[in-house]
Protein chains: 2
Amino acid sequence: MNNSTYHIFFTNLSNPLRIKIVTSLKQKEKNVTELSKELKVEQSKISHALASLRCCNIVDVKQEGKQRIYSLNKKTIVPMLKLIDKHAKTFCAGDCKGCGR
Amino acid sequence: MNNSTYHIFFTNLSNPLRIKIVTSLKQKEKNVTELSKELKVEQSKISHALASLRCCNIVDVKQEGKQRIYSLNKKTIVPMLKLIDKHAKTFCAGDCKGCGR
DNA sequence: TGTTCATATGAATTATAGTTCATATGAGTA
DNA sequence: TACTCATATGAACTATAATTCATATGAACA
């Protein structure tokens, strides 16, 4: 597999807001306004974040009336987050702190 | 698990050089000079990249004489890259192109 | 068809992360 | 202990990505 795909994919998930959206959608699908209210984040920020996530098919959309319902593509993301959980537990004493650079 | 760990972990892998190093170390462990020559990248760039990867325990180091041998922590990374391979194949027609934003 | 609610988009600004280069550290060896 | 090879580090600079805000689109409905 080519490195560029990895780079694009990881970059997409390397953002606090997008991660928040992902973990929120893990529970259940939501529309933009719901996400905006739940996360206390301005609507256009949510929309931009969702646009990125859609690019890599990390989330799916469906239209329902004037709402757009976003759902998580769990096939990839759920096992991936599990890998990180396990990694952090095993190698980073619970959670990864980064190294300030 | 807390979102900050996900963020730090993904950010670490969201960089072309660090990904190159990771995929190179998947084959076999290498020292800094070897990586620098193989990837045709200046030594300090490699060192900085390795420092980041070490923070999240994505790579390990051992000293051997004056060299430092870096190896990949395969437990997490190998299955993670496989997940992306499969994702790209299944959902992105082979490889993820991003969306130019 | 004009108004409202829901969401998306573009572009300028701002924040974050990466590169570069000069230099420091540190192991081995003459 | 002075020198060399291997690697690390800090800080200024540069590049990349995120935020903001004004505005566009588009569905529903009066």
# chains A, B, ... in the order shown; residues from 1 in each chain; ligands from 1

$ calpha_fit_and_write --fixed "chain B" --moving "chain A" --output "PDB file with C-alpha atoms, in the first residue's frame"
ATOM      1  CA  MET A   1     -10.473   6.118  26.396  1.00  0.00           C
ATOM      2  CA  ASN A   2      -9.757   9.819  26.169  1.00  0.00           C
ATOM      3  CA  ASN A   3      -9.756  11.682  22.872  1.00  0.00           C
ATOM      4  CA  SER A   4      -6.466  13.390  23.577  1.00  0.00           C
ATOM      5  CA  THR A   5      -4.621  10.094  23.343  1.00  0.00           C
ATOM      6  CA  TYR A   6      -6.189   9.447  19.954  1.00  0.00           C
ATOM      7  CA  HIS A   7      -5.271  12.920  18.821  1.00  0.00           C
ATOM      8  CA  ILE A   8      -1.640  12.644  19.885  1.00  0.00           C
ATOM      9  CA  PHE A   9      -1.305   9.200  18.409  1.00  0.00           C
ATOM     10  CA  PHE A  10      -2.811  10.078  15.033  1.00  0.00           C
ATOM     11  CA  THR A  11      -0.911  13.352  14.839  1.00  0.00           C
ATOM     12  CA  ASN A  12       2.287  11.422  15.277  1.00  0.00           C
ATOM     13  CA  LEU A  13       1.470   9.307  12.240  1.00  0.00           C
ATOM     14  CA  SER A  14       0.093  12.168  10.172  1.00  0.00           C
ATOM     15  CA  ASN A  15       3.426  13.083   8.675  1.00  0.00           C
ATOM     16  CA  PRO A  16       4.901  11.810   5.420  1.00  0.00           C
ATOM     17  CA  LEU A  17       8.424  11.347   6.724  1.00  0.00           C
ATOM     18  CA  ARG A  18       7.356   9.553   9.872  1.00  0.00           C
ATOM     19  CA  ILE A  19       5.178   7.214   7.801  1.00  0.00           C
ATOM     20  CA  LYS A  20       8.114   6.516   5.498  1.00  0.00           C
ATOM     21  CA  ILE A  21      10.239   5.653   8.502  1.00  0.00           C
ATOM     22  CA  VAL A  22       7.530   3.402   9.885  1.00  0.00           C
ATOM     23  CA  THR A  23       7.110   1.477   6.652  1.00  0.00           C
ATOM     24  CA  SER A  24      10.856   1.210   6.255  1.00  0.00           C
ATOM     25  CA  LEU A  25      11.287  -0.169   9.772  1.00  0.00           C
ATOM     26  CA  LYS A  26       8.551  -2.678   9.041  1.00  0.00           C
ATOM     27  CA  GLN A  27      11.119  -4.598   7.000  1.00  0.00           C
ATOM     28  CA  LYS A  28      13.934  -4.453   9.507  1.00  0.00           C
ATOM     29  CA  GLU A  29      15.450  -2.345  12.254  1.00  0.00           C
ATOM     30  CA  LYS A  30      17.873   0.393  11.214  1.00  0.00           C
ATOM     31  CA  ASN A  31      20.111   3.082  12.653  1.00  0.00           C
ATOM     32  CA  VAL A  32      19.751   6.787  11.952  1.00  0.00           C
ATOM     33  CA  THR A  33      22.402   6.937   9.257  1.00  0.00           C
ATOM     34  CA  GLU A  34      20.898   4.004   7.398  1.00  0.00           C
ATOM     35  CA  LEU A  35      17.462   5.618   7.442  1.00  0.00           C
ATOM     36  CA  SER A  36      18.952   8.923   6.375  1.00  0.00           C
ATOM     37  CA  LYS A  37      20.680   7.347   3.381  1.00  0.00           C
ATOM     38  CA  GLU A  38      17.816   5.094   2.395  1.00  0.00           C
ATOM     39  CA  LEU A  39      15.226   7.854   2.488  1.00  0.00           C
ATOM     40  CA  LYS A  40      17.630  10.530   1.204  1.00  0.00           C
ATOM     41  CA  VAL A  41      16.699  12.769   4.089  1.00  0.00           C
ATOM     42  CA  GLU A  42      18.989  14.903   6.211  1.00  0.00           C
ATOM     43  CA  GLN A  43      20.081  13.364   9.512  1.00  0.00           C
ATOM     44  CA  SER A  44      18.515  15.887  11.874  1.00  0.00           C
ATOM     45  CA  LYS A  45      15.163  15.497  10.179  1.00  0.00           C
ATOM     46  CA  ILE A  46      15.327  11.772  10.778  1.00  0.00           C
ATOM     47  CA  SER A  47      16.313  12.305  14.390  1.00  0.00           C
ATOM     48  CA  HIS A  48      13.453  14.712  15.011  1.00  0.00           C
ATOM     49  CA  ALA A  49      11.010  12.324  13.380  1.00  0.00           C
ATOM     50  CA  LEU A  50      12.284   9.413  15.444  1.00  0.00           C
ATOM     51  CA  ALA A  51      12.025  11.466  18.617  1.00  0.00           C
ATOM     52  CA  SER A  52       8.322  11.979  17.936  1.00  0.00           C
ATOM     53  CA  LEU A  53       7.742   8.333  17.173  1.00  0.00           C
ATOM     54  CA  ARG A  54       9.528   7.318  20.338  1.00  0.00           C
ATOM     55  CA  CYS A  55       7.230   9.488  22.446  1.00  0.00           C
ATOM     56  CA  CYS A  56       4.240   7.338  21.580  1.00  0.00           C
ATOM     57  CA  ASN A  57       6.315   4.160  21.707  1.00  0.00           C
ATOM     58  CA  ILE A  58       5.727   3.573  18.049  1.00  0.00           C
ATOM     59  CA  VAL A  59       9.428   2.800  17.764  1.00  0.00           C
ATOM     60  CA  ASP A  60      11.992   1.425  20.204  1.00  0.00           C
ATOM     61  CA  VAL A  61      15.706   2.243  20.402  1.00  0.00           C
ATOM     62  CA  LYS A  62      18.713   0.318  21.458  1.00  0.00           C
ATOM     63  CA  GLN A  63      22.296   1.502  21.600  1.00  0.00           C
ATOM     64  CA  GLU A  64      24.944  -0.520  19.771  1.00  0.00           C
ATOM     65  CA  GLY A  65      28.365   1.059  19.989  1.00  0.00           C
ATOM     66  CA  LYS A  66      27.920   4.580  18.769  1.00  0.00           C
ATOM     67  CA  GLN A  67      24.876   3.697  16.712  1.00  0.00           C
ATOM     68  CA  ARG A  68      21.285   3.763  17.796  1.00  0.00           C
ATOM     69  CA  ILE A  69      19.166   1.067  16.293  1.00  0.00           C
ATOM     70  CA  TYR A  70      15.513   1.879  15.848  1.00  0.00           C
ATOM     71  CA  SER A  71      12.877  -0.796  15.515  1.00  0.00           C
ATOM     72  CA  LEU A  72       9.148  -0.684  14.910  1.00  0.00           C
ATOM     73  CA  ASN A  73       6.699  -1.623  17.618  1.00  0.00           C
ATOM     74  CA  LYS A  74       4.828  -3.963  15.344  1.00  0.00           C
ATOM     75  CA  LYS A  75       2.144  -4.949  17.822  1.00  0.00           C
ATOM     76  CA  THR A  76       0.098  -1.833  17.121  1.00  0.00           C
ATOM     77  CA  ILE A  77       1.314  -0.465  13.815  1.00  0.00           C
ATOM     78  CA  VAL A  78       1.169  -3.515  11.600  1.00  0.00           C
ATOM     79  CA  PRO A  79      -2.519  -4.273  12.275  1.00  0.00           C
ATOM     80  CA  MET A  80      -3.282  -0.571  12.067  1.00  0.00           C
ATOM     81  CA  LEU A  81      -1.779  -0.220   8.602  1.00  0.00           C
ATOM     82  CA  LYS A  82      -3.661  -3.354   7.584  1.00  0.00           C
ATOM     83  CA  LEU A  83      -6.914  -1.723   8.668  1.00  0.00           C
ATOM     84  CA  ILE A  84      -6.160   1.254   6.451  1.00  0.00           C
ATOM     85  CA  ASP A  85      -5.214  -0.966   3.513  1.00  0.00           C
ATOM     86  CA  LYS A  86      -8.511  -2.741   3.825  1.00  0.00           C
ATOM     87  CA  HIS A  87     -10.409   0.505   4.306  1.00  0.00           C
ATOM     88  CA  ALA A  88      -8.866   2.068   1.209  1.00  0.00           C
ATOM     89  CA  LYS A  89      -9.595  -1.028  -0.830  1.00  0.00           C
ATOM     90  CA  THR A  90     -13.178  -1.312   0.374  1.00  0.00           C
ATOM     91  CA  PHE A  91     -14.279   2.305   0.625  1.00  0.00           C
ATOM     92  CA  CYS A  92     -11.867   4.424  -1.394  1.00  0.00           C
ATOM     93  CA  ALA A  93     -11.370   2.428  -4.593  1.00  0.00           C
ATOM     94  CA  GLY A  94      -7.826   1.439  -3.705  1.00  0.00           C
ATOM     95  CA  ASP A  95      -6.278   4.503  -2.218  1.00  0.00           C
ATOM     96  CA  CYS A  96      -7.385   7.567  -0.351  1.00  0.00           C
ATOM     97  CA  LYS A  97      -6.920  10.805  -2.288  1.00  0.00           C
ATOM     98  CA  GLY A  98      -8.062  13.290   0.321  1.00  0.00           C
ATOM     99  CA  CYS A  99     -10.259  16.145  -0.747  1.00  0.00           C
ATOM    100  CA  GLY A 100      -7.954  19.091  -1.189  1.00  0.00           C
ATOM    101  CA  ARG A 101      -8.856  21.046   1.862  1.00  0.00           C
TER     102      ARG A 101
END

$ select_by_dssp --residues "chain B" --states "strand (DSSP E or B)" --output "PyMOL selection string"
chain B and resi 30-31+59-64+67-72

$ write_last_selection --atoms "N, CA and C atoms" --output "PDB file, in the first residue's frame"
ATOM      1  N   LYS B  30      16.827  -0.384  11.865  1.00  0.00           N
ATOM      2  CA  LYS B  30      17.889   0.393  11.226  1.00  0.00           C
ATOM      3  C   LYS B  30      18.388   1.482  12.151  1.00  0.00           C
ATOM      4  N   ASN B  31      19.615   1.924  11.902  1.00  0.00           N
ATOM      5  CA  ASN B  31      20.104   3.069  12.659  1.00  0.00           C
ATOM      6  C   ASN B  31      19.811   4.359  11.888  1.00  0.00           C
ATOM      7  N   VAL B  59       8.136   3.445  17.997  1.00  0.00           N
ATOM      8  CA  VAL B  59       9.424   2.796  17.755  1.00  0.00           C
ATOM      9  C   VAL B  59      10.172   2.612  19.079  1.00  0.00           C
ATOM     10  N   ASP B  60      11.084   1.662  19.066  1.00  0.00           N
ATOM     11  CA  ASP B  60      11.981   1.437  20.194  1.00  0.00           C
ATOM     12  C   ASP B  60      13.409   1.711  19.747  1.00  0.00           C
ATOM     13  N   VAL B  61      14.273   2.016  20.694  1.00  0.00           N
ATOM     14  CA  VAL B  61      15.688   2.231  20.402  1.00  0.00           C
ATOM     15  C   VAL B  61      16.538   1.318  21.233  1.00  0.00           C
ATOM     16  N   LYS B  62      17.659   0.936  20.659  1.00  0.00           N
ATOM     17  CA  LYS B  62      18.705   0.333  21.481  1.00  0.00           C
ATOM     18  C   LYS B  62      20.044   0.864  21.006  1.00  0.00           C
ATOM     19  N   GLN B  63      20.963   0.988  21.944  1.00  0.00           N
ATOM     20  CA  GLN B  63      22.286   1.496  21.619  1.00  0.00           C
ATOM     21  C   GLN B  63      23.168   0.322  21.234  1.00  0.00           C
ATOM     22  N   GLU B  64      23.971   0.531  20.186  1.00  0.00           N
ATOM     23  CA  GLU B  64      24.928  -0.514  19.798  1.00  0.00           C
ATOM     24  C   GLU B  64      26.202   0.205  19.370  1.00  0.00           C
ATOM     25  N   GLN B  67      26.143   3.620  17.455  1.00  0.00           N
ATOM     26  CA  GLN B  67      24.864   3.698  16.741  1.00  0.00           C
ATOM     27  C   GLN B  67      23.663   3.539  17.665  1.00  0.00           C
ATOM     28  N   ARG B  68      22.551   4.057  17.160  1.00  0.00           N
ATOM     29  CA  ARG B  68      21.280   3.770  17.823  1.00  0.00           C
ATOM     30  C   ARG B  68      20.383   3.062  16.827  1.00  0.00           C
ATOM     31  N   ILE B  69      19.968   1.895  17.196  1.00  0.00           N
ATOM     32  CA  ILE B  69      19.170   1.071  16.304  1.00  0.00           C
ATOM     33  C   ILE B  69      17.697   1.243  16.640  1.00  0.00           C
ATOM     34  N   TYR B  70      16.949   1.684  15.656  1.00  0.00           N
ATOM     35  CA  TYR B  70      15.511   1.875  15.850  1.00  0.00           C
ATOM     36  C   TYR B  70      14.746   0.704  15.259  1.00  0.00           C
ATOM     37  N   SER B  71      13.722   0.273  16.010  1.00  0.00           N
ATOM     38  CA  SER B  71      12.877  -0.807  15.501  1.00  0.00           C
ATOM     39  C   SER B  71      11.416  -0.427  15.691  1.00  0.00           C
ATOM     40  N   LEU B  72      10.583  -0.993  14.855  1.00  0.00           N
ATOM     41  CA  LEU B  72       9.160  -0.681  14.900  1.00  0.00           C
ATOM     42  C   LEU B  72       8.476  -1.518  15.974  1.00  0.00           C
TER      43      LEU B  72
END

$ atom_distance --atom1 "C1' of DG10 (chain D)" --atom2 "C1' of DA17 (chain C)"
15.6 Å

$ residues_around --residues "DT25 (chain D)" --least-positions-apart "6" --cutoff "10 Å" --atoms "only C-alpha atoms (C1' of nucleotides)" --output "ChimeraX atom specification"
/C:7-9

$ select_by_dssp --residues "chain A" --states "alpha helix (DSSP H)" --output "PyMOL selection string"
chain A and resi 3-13+16-27+32-39+43-55+74-91

$ interface_residues --of "chain C" --to "chain B" --cutoff "12 Å" --atoms "only C-alpha atoms (C1' of nucleotides)" --output "compact mmCIF listing (two decimals) with N, CA and C atoms (P, O5', C5', C4', C3', O3' and C1' of nucleotides), in the first residue's frame"
# COMPACT_ATOMS: atom_id res chain seq x y z
P DT C 9 -19.89 21.58 0.24
O5' DT C 9 -19.27 23.06 0.06
C5' DT C 9 -20.07 24.05 -0.58
C4' DT C 9 -19.35 25.37 -0.55
C3' DT C 9 -17.82 25.27 -0.66
O3' DT C 9 -17.45 26.06 -1.77
C1' DT C 9 -18.44 26.73 1.08
P DG C 10 -16.01 26.01 -2.42
O5' DG C 10 -15.46 27.49 -2.16
C5' DG C 10 -16.38 28.59 -2.14
C4' DG C 10 -15.63 29.88 -1.93
C3' DG C 10 -14.12 29.83 -2.16
O3' DG C 10 -13.75 31.07 -2.74
C1' DG C 10 -14.57 30.25 0.16
P DT C 16 -2.84 26.49 18.48
O5' DT C 16 -2.08 25.49 17.51
C5' DT C 16 -2.83 24.73 16.57
C4' DT C 16 -1.87 23.96 15.70
C3' DT C 16 -0.75 23.26 16.47
O3' DT C 16 -0.79 21.91 16.08
C1' DT C 16 0.12 24.50 14.64
P DA C 17 0.22 20.84 16.71
O5' DA C 17 1.00 20.33 15.44
C5' DA C 17 0.45 20.45 14.14
C4' DA C 17 1.56 20.37 13.12
C3' DA C 17 2.74 19.51 13.55
O3' DA C 17 3.12 18.75 12.40
C1' DA C 17 3.50 21.65 12.95
P DG C 18 4.41 17.89 12.35
O5' DG C 18 5.32 18.76 11.36
C5' DG C 18 4.93 18.91 10.01
C4' DG C 18 6.09 19.46 9.18
C3' DG C 18 7.36 18.63 9.23
O3' DG C 18 7.86 18.57 7.89
C1' DG C 18 7.79 20.83 10.04
P DT C 19 9.31 18.05 7.57
O5' DT C 19 10.17 19.39 7.59
C5' DT C 19 9.88 20.40 6.64
C4' DT C 19 11.00 21.43 6.59
C3' DT C 19 12.39 20.85 6.39
O3' DT C 19 12.98 21.62 5.35
C1' DT C 19 12.35 22.23 8.32
P DT C 20 14.38 21.24 4.69
O5' DT C 20 15.39 22.26 5.36
C5' DT C 20 14.97 23.60 5.60
C4' DT C 20 15.97 24.31 6.50
C3' DT C 20 17.42 23.83 6.39
O3' DT C 20 18.21 24.95 6.02
C1' DT C 20 16.73 23.99 8.66
P DC C 21 19.72 24.82 5.46
O5' DC C 21 20.56 25.28 6.74
C5' DC C 21 20.17 26.44 7.48
C4' DC C 21 20.92 26.47 8.80
C3' DC C 21 22.32 25.85 8.74
O3' DC C 21 23.16 26.60 9.61
C1' DC C 21 21.10 24.82 10.42
P DA C 22 24.75 26.71 9.35
O5' DA C 22 25.22 27.44 10.68
C5' DA C 22 24.27 28.16 11.50
C4' DA C 22 24.39 27.70 12.94
C3' DA C 22 25.81 27.28 13.37
O3' DA C 22 26.11 27.87 14.63
C1' DA C 22 24.27 25.57 13.87
P DT C 23 27.54 27.62 15.34
O5' DT C 23 27.18 26.58 16.49
C5' DT C 23 26.06 26.83 17.33
C4' DT C 23 25.75 25.61 18.15
C3' DT C 23 26.96 24.97 18.83
O3' DT C 23 26.60 24.68 20.16
C1' DT C 23 25.72 23.34 17.75
P DT C 25 26.07 19.96 25.94
O5' DT C 25 25.94 18.39 25.69
C5' DT C 25 24.66 17.79 25.50
C4' DT C 25 24.84 16.39 24.98
C3' DT C 25 25.84 15.54 25.80
O3' DT C 25 25.19 14.35 26.16
C1' DT C 25 26.25 15.34 23.50
P DG C 26 25.74 13.39 27.31
O5' DG C 26 25.37 11.93 26.74
C5' DG C 26 25.17 11.69 25.37
C4' DG C 26 26.15 10.71 24.77
C3' DG C 26 27.27 10.21 25.70
O3' DG C 26 27.52 8.86 25.37
C1' DG C 26 28.21 11.07 23.80
P DA C 27 27.97 7.75 26.47
O5' DA C 27 28.46 6.54 25.56
C5' DA C 27 27.65 6.09 24.48
C4' DA C 27 28.54 5.66 23.33
C3' DA C 27 29.73 4.80 23.78
O3' DA C 27 29.79 3.63 22.98
C1' DA C 27 30.47 6.64 22.48
P DG C 28 30.85 2.50 23.23
O5' DG C 28 32.05 2.89 22.25
C5' DG C 28 31.94 2.52 20.86
C4' DG C 28 33.10 3.12 20.11
C3' DG C 28 34.45 2.43 20.36
O3' DG C 28 34.97 2.05 19.09
C1' DG C 28 34.64 4.80 20.60
P DT C 29 36.21 1.05 19.00
O5' DT C 29 37.42 2.06 18.74
C5' DT C 29 37.33 3.00 17.66
C4' DT C 29 38.52 3.94 17.73
C3' DT C 29 39.85 3.28 18.13
O3' DT C 29 40.87 3.80 17.28
C1' DT C 29 39.49 5.14 19.45

$ atom_distance --atom1 "C1' of DA30 (chain C)" --atom2 "C1' of DA8 (chain D)"
25.2 Å

$ closest_atom_pairs --of "chain D" --to "chain A" --cutoff "10 Å" --atoms "only C-alpha atoms (C1' of nucleotides)" --output "Markdown table"
| residue | atom | partner | partner_atom | distance |
| --- | --- | --- | --- | --- |
| D:DA17 | C1' | A:Asn15 | CA | 9.6 |
| D:DA18 | C1' | A:Lys45 | CA | 9.0 |
| D:DT19 | C1' | A:Lys45 | CA | 7.5 |
| D:DT20 | C1' | A:Lys45 | CA | 8.8 |
| D:DC21 | C1' | A:Ser44 | CA | 9.4 |
| D:DG26 | C1' | A:Lys66 | CA | 8.2 |
| D:DA27 | C1' | A:Lys66 | CA | 5.0 |
| D:DA28 | C1' | A:Lys66 | CA | 7.1 |

$ atom_distance --atom1 "C1' of DT3 (chain C)" --atom2 "C1' of DT23 (chain D)"
17.0 Å
